[in-house]
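Text of my_file-v1.csv, listed as CSV, C-alpha atoms:
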chain,number,residue,atom,x,y,z
I,951,MET,CA,95.9,69.6,86.4
I,952,ARG,CA,95.0,66.6,88.5
I,953,SER,CA,92.6,67.2,91.4
I,954,ILE,CA,93.6,66.0,94.9
I,955,TRP,CA,90.1,66.3,96.5
I,956,ASN,CA,86.5,66.4,95.3
I,957,GLY,CA,83.7,68.0,97.3
I,958,ALA,CA,81.6,71.1,97.4
I,959,ILE,CA,81.6,74.7,98.7
I,960,SER,CA,78.8,75.4,101.2
I,961,PHE,CA,77.7,79.0,100.6
I,962,GLY,CA,74.6,79.3,102.8
I,963,LEU,CA,72.0,77.1,101.2
I,964,VAL,CA,74.0,77.1,97.9
I,965,SER,CA,76.2,74.1,97.2
I,966,ILE,CA,78.9,74.5,94.6
I,967,PRO,CA,80.6,71.3,93.4
I,968,ILE,CA,84.4,71.8,93.1
I,969,LYS,CA,87.7,70.1,92.6
I,970,LEU,CA,90.8,70.9,94.7
I,971,VAL,CA,94.0,71.4,92.6
I,972,ASN,CA,97.4,72.3,93.9
I,973,ALA,CA,98.2,75.9,93.0
I,974,THR,CA,101.9,75.6,93.6
I,975,GLU,CA,104.7,73.2,92.7
I,976,ASN,CA,108.1,72.4,94.2
I,977,HIS,CA,111.2,73.1,92.1
I,978,ASN,CA,113.8,72.1,94.7
I,979,VAL,CA,116.7,69.9,93.7
I,980,SER,CA,116.4,66.6,95.4
I,981,PHE,CA,119.3,64.3,96.4
I,982,ARG,CA,119.6,60.6,97.1
I,983,GLN,CA,121.5,59.0,99.8
I,984,ILE,CA,124.4,56.7,98.6
I,985,HIS,CA,127.1,54.5,100.0
I,986,THR,CA,130.2,56.6,99.7
I,987,GLU,CA,132.5,53.6,99.2
I,988,ASP,CA,130.8,52.1,96.1
I,989,GLY,CA,128.0,54.6,95.2
I,990,GLY,CA,125.3,52.2,96.0
I,991,ARG,CA,121.8,53.6,96.6
I,992,ILE,CA,120.7,53.7,100.3
I,993,ARG,CA,117.0,52.9,100.6
I,994,TYR,CA,114.6,52.8,103.5
I,995,ARG,CA,112.6,49.6,103.9
I,996,LYS,CA,109.4,49.4,105.9
I,997,VAL,CA,109.7,46.5,108.3
I,998,CYS,CA,107.1,45.1,110.7
I,999,GLU,CA,108.6,45.0,114.2
I,1000,LEU,CA,106.7,41.9,115.3
I,1001,GLU,CA,107.6,39.7,112.3
I,1002,ASP,CA,110.9,41.5,111.5
I,1003,LYS,CA,110.1,41.4,107.8
I,1004,GLU,CA,109.6,43.9,105.0
I,1005,VAL,CA,106.0,44.8,104.1
I,1006,SER,CA,104.5,46.3,100.9
I,1007,GLN,CA,102.6,49.6,100.8
I,1008,SER,CA,99.3,47.8,100.4
I,1009,GLU,CA,99.8,46.1,103.8
I,1010,ILE,CA,100.3,49.4,105.6
I,1011,GLY,CA,97.5,51.2,107.4
I,1012,LYS,CA,97.0,53.9,110.0
I,1013,ALA,CA,96.8,53.7,113.8
I,1014,TYR,CA,96.5,56.0,116.8
I,1015,GLU,CA,99.2,55.4,119.5
I,1016,GLU,CA,98.0,55.5,123.1
I,1017,SER,CA,100.1,56.8,125.9
I,1018,ASP,CA,101.0,53.2,126.9
I,1019,GLY,CA,102.3,52.4,123.4
I,1020,SER,CA,99.3,50.4,122.3
I,1021,MET,CA,97.9,50.9,118.8
I,1022,ILE,CA,94.3,51.6,117.8
I,1023,PRO,CA,93.8,50.9,114.0
I,1024,ILE,CA,92.1,53.7,112.1
I,1025,THR,CA,90.8,53.0,108.5
I,1026,ASP,CA,90.0,55.5,105.7
I,1027,GLU,CA,86.3,54.6,106.2
I,1028,ASP,CA,86.5,55.6,109.8
I,1029,LEU,CA,87.8,59.0,108.8
I,1030,GLN,CA,85.2,59.5,106.1
I,1031,GLN,CA,82.4,58.7,108.5
I,1032,LEU,CA,83.3,61.3,111.1
I,1033,PRO,CA,80.2,63.3,112.1
I,1034,ILE,CA,81.5,66.6,110.9
I,1035,PRO,CA,80.1,68.8,108.1
I,1036,THR,CA,83.5,69.5,106.5
I,1037,ALA,CA,84.3,65.8,105.7
I,1038,LYS,CA,83.4,66.5,102.0
I,1039,THR,CA,82.5,70.2,102.2
I,1040,ILE,CA,84.3,73.5,102.3
I,1041,GLU,CA,82.0,75.3,104.7
I,1042,ILE,CA,82.1,79.1,104.5
I,1043,VAL,CA,81.6,80.5,108.0
I,1044,ALA,CA,82.3,84.3,107.5
I,1045,PHE,CA,83.4,87.0,105.1
I,1046,VAL,CA,86.1,89.4,106.4
I,1047,PRO,CA,88.5,92.1,105.1
I,1048,SER,CA,91.7,90.6,103.8
I,1049,GLU,CA,93.7,92.8,106.3
I,1050,ARG,CA,92.2,90.7,109.1
I,1051,ILE,CA,94.3,87.7,108.0
I,1052,ASP,CA,97.8,87.5,109.4
I,1053,PRO,CA,100.2,86.3,106.7
I,1054,MET,CA,101.8,84.0,109.3
I,1055,GLN,CA,98.7,81.9,109.2
I,1056,MET,CA,99.0,81.1,105.4
I,1057,GLU,CA,100.0,77.7,104.3
I,1058,SER,CA,99.5,75.9,101.0
I,1059,ALA,CA,97.4,77.3,98.2
I,1060,TYR,CA,94.9,75.5,96.1
I,1061,TYR,CA,92.8,76.3,93.1
I,1062,LEU,CA,89.1,75.6,93.4
I,1063,ALA,CA,87.9,74.4,90.0
I,1064,ALA,CA,84.2,74.2,89.1
I,1065,GLY,CA,83.0,70.6,89.2
I,1066,GLY,CA,81.0,70.3,86.0
I,1067,ALA,CA,78.6,72.5,84.0
I,1068,GLN,CA,76.1,72.7,86.9
I,1069,ALA,CA,78.6,74.4,89.1
I,1070,ALA,CA,79.5,77.2,86.6
I,1071,LYS,CA,76.8,79.7,87.7
I,1072,PRO,CA,77.1,79.3,91.5
I,1073,TYR,CA,80.9,79.3,91.2
I,1074,THR,CA,80.7,82.6,89.2
I,1075,LEU,CA,78.2,84.1,91.7
I,1076,LEU,CA,80.6,83.5,94.6
I,1077,ARG,CA,83.6,84.8,92.6
I,1078,GLU,CA,81.8,88.0,91.7
I,1079,ALA,CA,80.4,88.5,95.2
I,1080,LEU,CA,84.0,88.2,96.6
I,1081,LYS,CA,85.2,90.8,94.0
I,1082,ARG,CA,82.5,93.3,94.7
I,1083,SER,CA,82.7,93.1,98.5
I,1084,HIS,CA,86.6,93.3,98.5
I,1085,LYS,CA,86.5,90.6,101.2
I,1086,VAL,CA,87.8,87.1,101.6
I,1087,ALA,CA,85.8,84.1,102.8
I,1088,ILE,CA,86.8,82.1,105.9
I,1089,ALA,CA,86.0,78.4,105.6
I,1090,LYS,CA,86.6,75.1,107.3
I,1091,PHE,CA,87.4,71.9,105.5
I,1092,ALA,CA,88.9,68.4,106.1
I,1093,LEU,CA,92.0,67.3,104.2
I,1094,ARG,CA,94.7,64.7,104.9
I,1095,GLY,CA,93.2,63.4,108.1
I,1096,ARG,CA,92.4,66.6,109.9
I,1097,GLU,CA,90.1,69.6,109.8
I,1098,ARG,CA,91.7,72.8,108.6
I,1099,LEU,CA,91.0,76.5,108.3
I,1100,GLY,CA,91.0,78.1,104.9
I,1101,MET,CA,90.7,81.5,103.2
I,1102,LEU,CA,89.0,81.9,99.8
I,1103,ARG,CA,90.0,84.8,97.5
I,1104,VAL,CA,89.9,85.6,93.8
I,1105,VAL,CA,92.9,85.5,91.5
I,1106,GLU,CA,92.1,86.6,88.0
I,1107,GLU,CA,89.0,84.6,87.2
I,1108,ALA,CA,89.6,81.7,89.6
I,1109,ILE,CA,88.9,81.1,93.3
I,1110,VAL,CA,91.9,80.3,95.3
I,1111,MET,CA,91.9,78.7,98.8
I,1112,HIS,CA,94.8,79.2,101.2
I,1113,GLY,CA,95.2,76.7,104.0
I,1114,LEU,CA,95.4,78.6,107.3
I,1115,LEU,CA,96.9,77.6,110.6
I,1116,TRP,CA,94.6,77.7,113.5
I,1117,PRO,CA,95.2,80.8,115.7
I,1118,ASP,CA,96.5,78.7,118.6
I,1119,GLU,CA,99.2,77.3,116.2
I,1120,ILE,CA,100.9,80.7,116.0
I,1121,ARG,CA,103.6,81.2,118.6
I,1122,GLN,CA,103.8,84.5,120.4
I,1123,PRO,CA,107.1,86.5,119.7
I,1124,ALA,CA,108.0,86.6,123.4
I,1125,GLY,CA,111.8,86.9,123.8
I,1126,VAL,CA,112.5,87.5,120.1
I,1127,ALA,CA,112.9,91.3,120.0
I,1128,PRO,CA,116.1,92.8,121.5
I,1129,GLU,CA,115.8,93.5,125.2
I,1130,GLY,CA,116.4,96.9,126.7
I,1131,ASP,CA,115.9,100.4,125.4
I,1132,VAL,CA,117.7,100.7,122.0
I,1133,LYS,CA,118.1,104.2,120.8
I,1134,ILE,CA,117.9,105.0,117.1
I,1135,ARG,CA,119.0,108.4,115.9
I,1136,ASP,CA,117.2,110.4,113.2
I,1137,GLN,CA,120.3,110.4,111.0
I,1138,GLU,CA,120.3,106.5,111.1
I,1139,LEU,CA,116.6,106.4,110.1
I,1140,ASP,CA,117.2,108.9,107.3
I,1141,LEU,CA,119.9,106.7,105.9
I,1142,ALA,CA,117.7,103.6,106.2
I,1143,ASP,CA,115.0,105.5,104.4
I,1144,ALA,CA,117.5,106.5,101.7
I,1145,LEU,CA,118.6,102.9,101.3
I,1146,MET,CA,115.0,101.7,101.0
I,1147,ASP,CA,114.4,104.4,98.3
I,1148,THR,CA,117.5,103.5,96.4
I,1149,LEU,CA,116.7,99.8,96.4
I,1150,GLY,CA,113.3,100.7,95.2
I,1151,GLU,CA,110.7,98.1,94.0
I,1152,VAL,CA,111.2,94.8,92.2
I,1153,ASP,CA,109.2,92.8,89.6
I,1154,MET,CA,108.5,89.5,91.4
I,1155,ASP,CA,108.7,87.7,88.0
I,1156,ASP,CA,112.4,88.7,87.7
I,1157,LEU,CA,113.3,86.8,90.9
I,1158,HIS,CA,114.6,83.3,90.6
I,1159,ASP,CA,116.3,80.5,92.5
I,1160,GLU,CA,120.0,81.1,92.0
I,1161,TYR,CA,121.0,78.2,94.3
I,1162,ARG,CA,119.0,75.7,92.2
I,1163,GLU,CA,120.6,77.0,89.0
I,1164,ALA,CA,124.1,76.7,90.6
I,1165,VAL,CA,123.4,73.1,91.7
I,1166,GLU,CA,122.1,72.2,88.2
I,1167,GLU,CA,125.3,73.8,86.6
I,1168,MET,CA,127.5,71.8,89.0
I,1169,VAL,CA,125.6,68.5,88.3
I,1170,ALA,CA,125.9,69.1,84.5
I,1171,ALA,CA,129.6,69.8,84.8
I,1172,LYS,CA,130.3,66.7,86.8
I,1173,ALA,CA,128.2,64.6,84.5
I,1174,SER,CA,130.3,65.7,81.5
I,1175,GLY,CA,133.6,65.2,83.3
I,1176,GLN,CA,134.3,68.9,83.7
I,1177,GLU,CA,135.3,70.8,86.7
I,1178,ALA,CA,132.6,72.4,88.8
I,1179,PRO,CA,132.3,76.2,88.4
I,1180,ALA,CA,134.6,78.2,90.6
I,1181,VAL,CA,133.1,79.6,93.8
I,1182,PRO,CA,132.8,83.4,93.5
I,1183,GLU,CA,134.7,85.5,95.9
I,1184,ALA,CA,132.8,86.8,98.9
I,1185,PRO,CA,132.1,90.5,98.7
I,1186,ALA,CA,134.4,92.7,100.8
I,1187,GLY,CA,133.3,94.4,103.9
I,1188,GLY,CA,131.7,91.4,105.6
I,1189,GLY,CA,131.9,90.6,109.2
I,1190,LYS,CA,130.8,92.4,112.3
I,1191,VAL,CA,129.3,95.9,111.8
I,1192,LEU,CA,131.1,98.3,114.1
I,1193,ASP,CA,129.7,101.6,112.7
I,1194,LEU,CA,126.0,101.5,111.8
I,1195,MET,CA,126.1,104.9,110.1
I,1196,ALA,CA,129.1,103.9,107.9
I,1197,ALA,CA,127.5,100.6,107.0
I,1198,LEU,CA,124.3,102.4,106.0
I,1199,GLU,CA,126.2,105.0,103.9
I,1200,ASN,CA,128.2,102.3,102.2
I,1201,SER,CA,125.0,100.3,101.5
I,1202,VAL,CA,123.3,103.3,99.9
I,1203,ARG,CA,126.5,104.0,97.8
I,1204,ALA,CA,126.7,100.4,96.7
I,1205,ALA,CA,123.0,100.4,95.7
I,1206,GLN,CA,123.4,103.6,93.8
I,1207,GLU,CA,126.4,102.2,91.9
I,1208,SER,CA,124.6,99.0,91.1
I,1209,ARG,CA,121.8,101.1,89.5
I,1210,GLY,CA,124.2,103.4,87.7
I,1211,GLU,CA,123.3,106.3,89.8
I,1212,SER,CA,125.7,108.8,91.3
I,1213,GLY,CA,125.5,111.0,94.3
I,1214,GLU,CA,127.2,111.8,97.5
I,1215,VAL,CA,125.7,110.1,100.5
I,1216,ARG,CA,127.2,112.6,102.9
I,1217,GLU,CA,125.6,115.5,101.1
I,1218,MET,CA,122.3,113.7,101.0
I,1219,ASN,CA,122.5,113.0,104.7
I,1220,ARG,CA,123.3,116.6,105.4
I,1221,SER,CA,120.3,117.8,103.3
I,1222,ARG,CA,118.1,115.5,105.3
I,1223,THR,CA,119.4,116.7,108.7
I,1224,THR,CA,120.1,120.4,107.9
I,1225,PRO,CA,116.6,121.6,108.4
I,1226,LYS,CA,116.5,120.2,111.9
I,1227,ASP,CA,120.0,121.7,112.8
I,1228,THR,CA,119.9,125.0,111.1
I,1229,SER,CA,116.4,126.0,112.4
I,1230,GLY,CA,117.9,126.3,115.9
I,1231,LYS,CA,120.9,128.2,114.6
I,1232,LYS,CA,118.7,130.6,112.6
I,1233,SER,CA,116.4,131.2,115.6
I,1234,THR,CA,119.4,131.8,117.9
I,1235,SER,CA,121.0,134.3,115.5
I,1236,THR,CA,117.7,136.1,115.0
I,1237,ALA,CA,117.2,136.3,118.7
I,1238,ALA,CA,120.8,137.6,119.1
I,1239,LYS,CA,120.2,140.2,116.5
I,1240,LYS,CA,116.9,141.3,118.1
I,1241,SER,CA,118.6,141.5,121.5
I,1242,THR,CA,121.4,143.6,120.1
I,1243,ALA,CA,118.9,145.9,118.4
I,1244,LYS,CA,117.0,146.3,121.7
I,1245,LYS,CA,120.3,147.1,123.6
I,1246,THR,CA,121.2,149.7,120.9
I,1247,ALA,CA,117.8,151.3,121.0
I,1248,SER,CA,117.9,151.5,124.8
I,1249,SER,CA,121.4,153.0,124.8
I,1250,ARG,CA,120.3,155.6,122.3
I,1251,ALA,CA,117.2,156.4,124.4
I,1252,GLY,CA,119.4,156.9,127.5
I,1253,SER,CA,122.2,159.0,126.0
I,1254,GLY,CA,121.3,160.1,122.5
I,1255,GLY,CA,117.7,160.9,123.6
I,1256,SER,CA,118.8,163.7,126.0
I,1257,GLY,CA,121.2,165.1,123.4
I,1258,SER,CA,118.4,165.2,120.9
I,1259,ALA,CA,116.2,166.9,123.4
I,1260,SER,CA,118.8,169.6,124.2
I,1261,SER,CA,119.4,170.0,120.5
I,1262,LYS,CA,115.7,170.5,120.0
I,1263,LYS,CA,115.8,173.1,122.8
I,1264,SER,CA,118.7,174.9,121.3
I,1265,THR,CA,117.1,174.7,117.9
I,1266,SER,CA,113.9,176.1,119.3
I,1267,SER,CA,115.7,178.9,121.2
I,1268,GLY,CA,117.9,179.6,118.2
I,1269,GLY,CA,114.8,179.8,116.1
I,1270,GLY,CA,113.2,182.2,118.6
I,1271,GLY,CA,116.3,184.4,118.5
I,1272,LYS,CA,116.1,184.6,114.8
I,1273,LYS,CA,112.4,185.5,115.0
I,1274,ALA,CA,113.1,188.1,117.6
I,1275,ALA,CA,115.9,189.6,115.5
I,1276,ALA,CA,113.5,189.6,112.6
I,1277,LYS,CA,111.0,191.6,114.7
I,1278,LYS,CA,113.5,194.1,116.1
I,1279,THR,CA,115.0,195.0,112.8
I,1280,PRO,CA,112.0,197.0,111.4
I,1281,ALA,CA,111.8,199.0,114.7
I,1282,LYS,CA,115.4,200.0,114.6
I,1283,LYS,CA,115.0,201.0,111.0
I,1284,ALA,CA,112.0,203.2,111.9
I,1285,ALA,CA,113.9,204.8,114.8
I,1286,SER,CA,116.9,205.6,112.6
I,1287,ARG,CA,114.6,207.2,110.1
I,1288,LYS,CA,113.1,209.5,112.8
I,1289,ARG,CA,116.5,210.5,114.0
I,1290,SER,CA,117.6,211.3,110.5
I,1291,ALA,CA,114.4,213.4,109.9

Any chance you could give the structure as structure tokens?
Amino acid sequence: MRSIWNGAISFGLVSIPIKLVNATENHNVSFRQIHTEDGGRIRYRKVCELEDKEVSQSEIGKAYEESDGSMIPITDEDLQQLPIPTAKTIEIVAFVPSERIDPMQMESAYYLAAGGAQAAKPYTLLREALKRSHKVAIAKFALRGRERLGMLRVVEEAIVMHGLLWPDEIRQPAGVAPEGDVKIRDQELDLADALMDTLGEVDMDDLHDEYREAVEEMVAAKASGQEAPAVPEAPAGGGKVLDLMAALENSVRAAQESRGESGEVREMNRSRTTPKDTSGKKSTSTAAKKSTAKKTASSRAGSGGSGSASSKKSTSSGGGGKKAAAKKTPAKKAASRKRSA
């Protein structure tokens, strides 16, 4: 891979010669502008406004435009001689946890290749230190005419630097979120969770640019004199969503069918919401049963209690009568014996 910048990493007093290499590449399909009447190529020519003539690339330089429109020429030598330490150095200023970096700040990615055999050991030292600390390095560097912020991390056995936007280049999300108090029901969140679970995870290597493939197929068909592939029909059910619950249920069902799964969304939704609903019903019925039991017990205590007491009295009196009768019987027998004697 061809390097786009040569310099060094400043790691305290350690200097690591490196080469900057693009870590990404663009696979977008590019188009040219043509004259629709005859298919002729439309080109942009660079013309000097003062002389009204086209100039070559070797005659073009840089300039800073003042507020009054005047131009101040700036050469590459002027930029290289700027009194900043990052002109040819990636200066590490701190080491922080990766969670501290907002993904919104990330721009282009570059591989940092060791610049020669003498850079092998300090390069490896920095790489292993980043691995063991589980942190990323924050650095400043100059590239393409301006000083930039960077983040160094380890990918496999290489050090990668991500260009970062400066914090003041990130816009605040004021006025982006919906205004007002939007209420979301638990059932809607349950279905959203179910949809997330059904969609599951994805292997990033399986994702590809379908638009680019479709453009390439269309170009190949037109080049061979064939008709362009037919446009697939749009899926049914598009348009404005009137019922969020129905849309979520249909989404879960479609995701299940695409994965070859089966299951009733309604039943799943009930199973998620039943514990919340039935707990109140159970407690209500239990309380009703307890209340009924208390009322029954009190009614028994008021009426049945006196009856039981009277029955006890009658039982006790009845028992006493039997005992008395048992006591009188021997005496009567004795008296009758005397009379007979």

Using atom CA of I:Lys1081 and atom CA of I:Arg1103 as the two end points, give the distance in Å to one decimal. 8.4 Å

Please identify all polymer residues within 10 Å of I:Leu1194, counting all atoms listed in the file, omitting same-chain residues fewer than 6 positions from it, and present them as a count of residues only. 3

Set the distance at 12 Å and use only C-alpha atoms: which residues neighbour I:Val1181 once local chain neighbours fewer than 6 positions away are removed? I'd like the list as a PyMOL selection string. chain I and resi 1164-1165+1168

Quick one: residues within 12 Å of I:Asp1147, all atoms listed in the file, excluding same-chain residues fewer than 5 positions away - as a list in words? Asp1140, Leu1141, Ala1142, Val1152, Ser1201, Val1202, Ala1205, Gln1206 and Arg1209 of chain I

Write a file of the just-selected residues containing C-alpha atoms, as an mmCIF file, in the frame of the given file.
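Just written: out.cif:
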data_model
loop_
_atom_site.group_PDB
_atom_site.id
_atom_site.type_symbol
_atom_site.label_atom_id
_atom_site.label_comp_id
_atom_site.auth_asym_id
_atom_site.auth_seq_id
_atom_site.Cartn_x
_atom_site.Cartn_y
_atom_site.Cartn_z
ATOM 1 C CA ASP I 1140 117.200 108.900 107.300
ATOM 2 C CA LEU I 1141 119.900 106.700 105.900
ATOM 3 C CA ALA I 1142 117.700 103.600 106.200
ATOM 4 C CA VAL I 1152 111.200 94.800 92.200
ATOM 5 C CA SER I 1201 125.000 100.300 101.500
ATOM 6 C CA VAL I 1202 123.300 103.300 99.900
ATOM 7 C CA ALA I 1205 123.000 100.400 95.700
ATOM 8 C CA GLN I 1206 123.400 103.600 93.800
ATOM 9 C CA ARG I 1209 121.800 101.100 89.500
#

One-decimal distance in Å that lies between atom CA of I:Asp1052 and atom CA of I:Leu1115: 10.0 Å

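The space between atom CA of I:Glu1167 and atom CA of I:Gln983 spans 20.2 Å.
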
Mind listing whatever residues come within 12 Å of the point (83.5, 80.3, 86.7)? Use only C-alpha atoms, file coordinates, and give them as a list in words.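 Taken together, the residues in range are Ile966, Pro967, Ile968, Tyr1061, Leu1062, Ala1063, Ala1064, Gly1065, Gly1066, Ala1067, Gln1068, Ala1069, Ala1070, Lys1071, Pro1072, Tyr1073, Thr1074, Leu1075, Leu1076, Arg1077, Glu1078, Val1104, Val1105, Glu1106, Glu1107, Ala1108 and Ile1109 of chain I.
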
Which of these residues is nearest to I:Gly1095, using only C-alpha atoms: I:Thr1025, I:Gln1137, I:Ser960, I:Ser1048?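 With only C-alpha atoms as the atom set, the closest residue is I:Thr1025.
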
Shell around I:Ile1051 at 10 Å using only C-alpha atoms, local window under 6 positions removed, as a VMD selection string: chain I and resid 1086 1088 1101 1114

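The protein and nucleic acid residues lying at most 12 Å from I:Leu1029 are Lys1012, Ala1013, Pro1023, Ile1024, Thr1025, Pro1033, Ile1034, Thr1036, Ala1037, Lys1038, Ala1092, Leu1093, Arg1094, Gly1095, Arg1096 and Glu1097 of chain I, with only C-alpha atoms considered and sequence neighbours fewer than 4 positions away removed.
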
Pick from I:Val979, I:Leu1032, I:Val1132, I:Ala1197 nearest to I:Arg1162, counting only C-alpha atoms: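 For I:Arg1162, the nearest of the given residues is I:Val979.
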
Complete stretch 1081-1096 of chain I at the level of N, CA, C and O atoms, written as a PDB file, in the coordinates of the input.
ATOM      1  N   LYS I1081      84.604  89.597  94.659  1.00  0.00           N
ATOM      2  CA  LYS I1081      85.200  90.800  94.000  1.00  0.00           C
ATOM      3  C   LYS I1081      84.534  92.054  94.456  1.00  0.00           C
ATOM      4  O   LYS I1081      85.211  93.024  94.820  1.00  0.00           O
ATOM      5  N   ARG I1082      83.212  92.080  94.431  1.00  0.00           N
ATOM      6  CA  ARG I1082      82.500  93.300  94.700  1.00  0.00           C
ATOM      7  C   ARG I1082      82.598  93.719  96.190  1.00  0.00           C
ATOM      8  O   ARG I1082      82.634  94.901  96.517  1.00  0.00           O
ATOM      9  N   SER I1083      82.673  92.748  97.072  1.00  0.00           N
ATOM     10  CA  SER I1083      82.700  93.100  98.500  1.00  0.00           C
ATOM     11  C   SER I1083      84.135  93.431  98.968  1.00  0.00           C
ATOM     12  O   SER I1083      84.298  93.977 100.057  1.00  0.00           O
ATOM     13  N   HIS I1084      85.156  93.108  98.143  1.00  0.00           N
ATOM     14  CA  HIS I1084      86.600  93.300  98.500  1.00  0.00           C
ATOM     15  C   HIS I1084      86.882  92.592  99.838  1.00  0.00           C
ATOM     16  O   HIS I1084      87.649  93.097 100.673  1.00  0.00           O
ATOM     17  N   LYS I1085      86.269  91.431 100.012  1.00  0.00           N
ATOM     18  CA  LYS I1085      86.500  90.600 101.200  1.00  0.00           C
ATOM     19  C   LYS I1085      86.986  89.238 100.804  1.00  0.00           C
ATOM     20  O   LYS I1085      86.985  88.869  99.625  1.00  0.00           O
ATOM     21  N   VAL I1086      87.405  88.477 101.814  1.00  0.00           N
ATOM     22  CA  VAL I1086      87.800  87.100 101.600  1.00  0.00           C
ATOM     23  C   VAL I1086      86.836  86.225 102.462  1.00  0.00           C
ATOM     24  O   VAL I1086      86.269  86.692 103.458  1.00  0.00           O
ATOM     25  N   ALA I1087      86.674  84.974 102.043  1.00  0.00           N
ATOM     26  CA  ALA I1087      85.800  84.100 102.800  1.00  0.00           C
ATOM     27  C   ALA I1087      86.632  83.169 103.686  1.00  0.00           C
ATOM     28  O   ALA I1087      87.681  82.656 103.277  1.00  0.00           O
ATOM     29  N   ILE I1088      86.191  83.006 104.912  1.00  0.00           N
ATOM     30  CA  ILE I1088      86.800  82.100 105.900  1.00  0.00           C
ATOM     31  C   ILE I1088      86.022  80.816 105.900  1.00  0.00           C
ATOM     32  O   ILE I1088      84.804  80.848 106.055  1.00  0.00           O
ATOM     33  N   ALA I1089      86.719  79.696 105.719  1.00  0.00           N
ATOM     34  CA  ALA I1089      86.000  78.400 105.600  1.00  0.00           C
ATOM     35  C   ALA I1089      86.739  77.343 106.427  1.00  0.00           C
ATOM     36  O   ALA I1089      87.903  77.502 106.813  1.00  0.00           O
ATOM     37  N   LYS I1090      86.016  76.258 106.680  1.00  0.00           N
ATOM     38  CA  LYS I1090      86.600  75.100 107.300  1.00  0.00           C
ATOM     39  C   LYS I1090      86.438  73.900 106.392  1.00  0.00           C
ATOM     40  O   LYS I1090      85.422  73.761 105.702  1.00  0.00           O
ATOM     41  N   PHE I1091      87.479  73.061 106.350  1.00  0.00           N
ATOM     42  CA  PHE I1091      87.400  71.900 105.500  1.00  0.00           C
ATOM     43  C   PHE I1091      88.339  70.819 106.084  1.00  0.00           C
ATOM     44  O   PHE I1091      89.203  71.093 106.925  1.00  0.00           O
ATOM     45  N   ALA I1092      88.130  69.585 105.648  1.00  0.00           N
ATOM     46  CA  ALA I1092      88.900  68.400 106.100  1.00  0.00           C
ATOM     47  C   ALA I1092      89.784  67.936 104.982  1.00  0.00           C
ATOM     48  O   ALA I1092      89.296  67.700 103.871  1.00  0.00           O
ATOM     49  N   LEU I1093      91.071  67.783 105.250  1.00  0.00           N
ATOM     50  CA  LEU I1093      92.000  67.300 104.200  1.00  0.00           C
ATOM     51  C   LEU I1093      93.171  66.609 104.913  1.00  0.00           C
ATOM     52  O   LEU I1093      93.704  67.115 105.900  1.00  0.00           O
ATOM     53  N   ARG I1094      93.546  65.460 104.348  1.00  0.00           N
ATOM     54  CA  ARG I1094      94.700  64.700 104.900  1.00  0.00           C
ATOM     55  C   ARG I1094      94.572  64.378 106.342  1.00  0.00           C
ATOM     56  O   ARG I1094      95.498  64.552 107.124  1.00  0.00           O
ATOM     57  N   GLY I1095      93.395  63.931 106.737  1.00  0.00           N
ATOM     58  CA  GLY I1095      93.200  63.400 108.100  1.00  0.00           C
ATOM     59  C   GLY I1095      92.961  64.425 109.175  1.00  0.00           C
ATOM     60  O   GLY I1095      92.962  64.059 110.346  1.00  0.00           O
ATOM     61  N   ARG I1096      92.738  65.669 108.823  1.00  0.00           N
ATOM     62  CA  ARG I1096      92.400  66.600 109.900  1.00  0.00           C
ATOM     63  C   ARG I1096      91.616  67.793 109.323  1.00  0.00           C
ATOM     64  O   ARG I1096      91.644  68.086 108.123  1.00  0.00           O
TER      65      ARG I1096
END
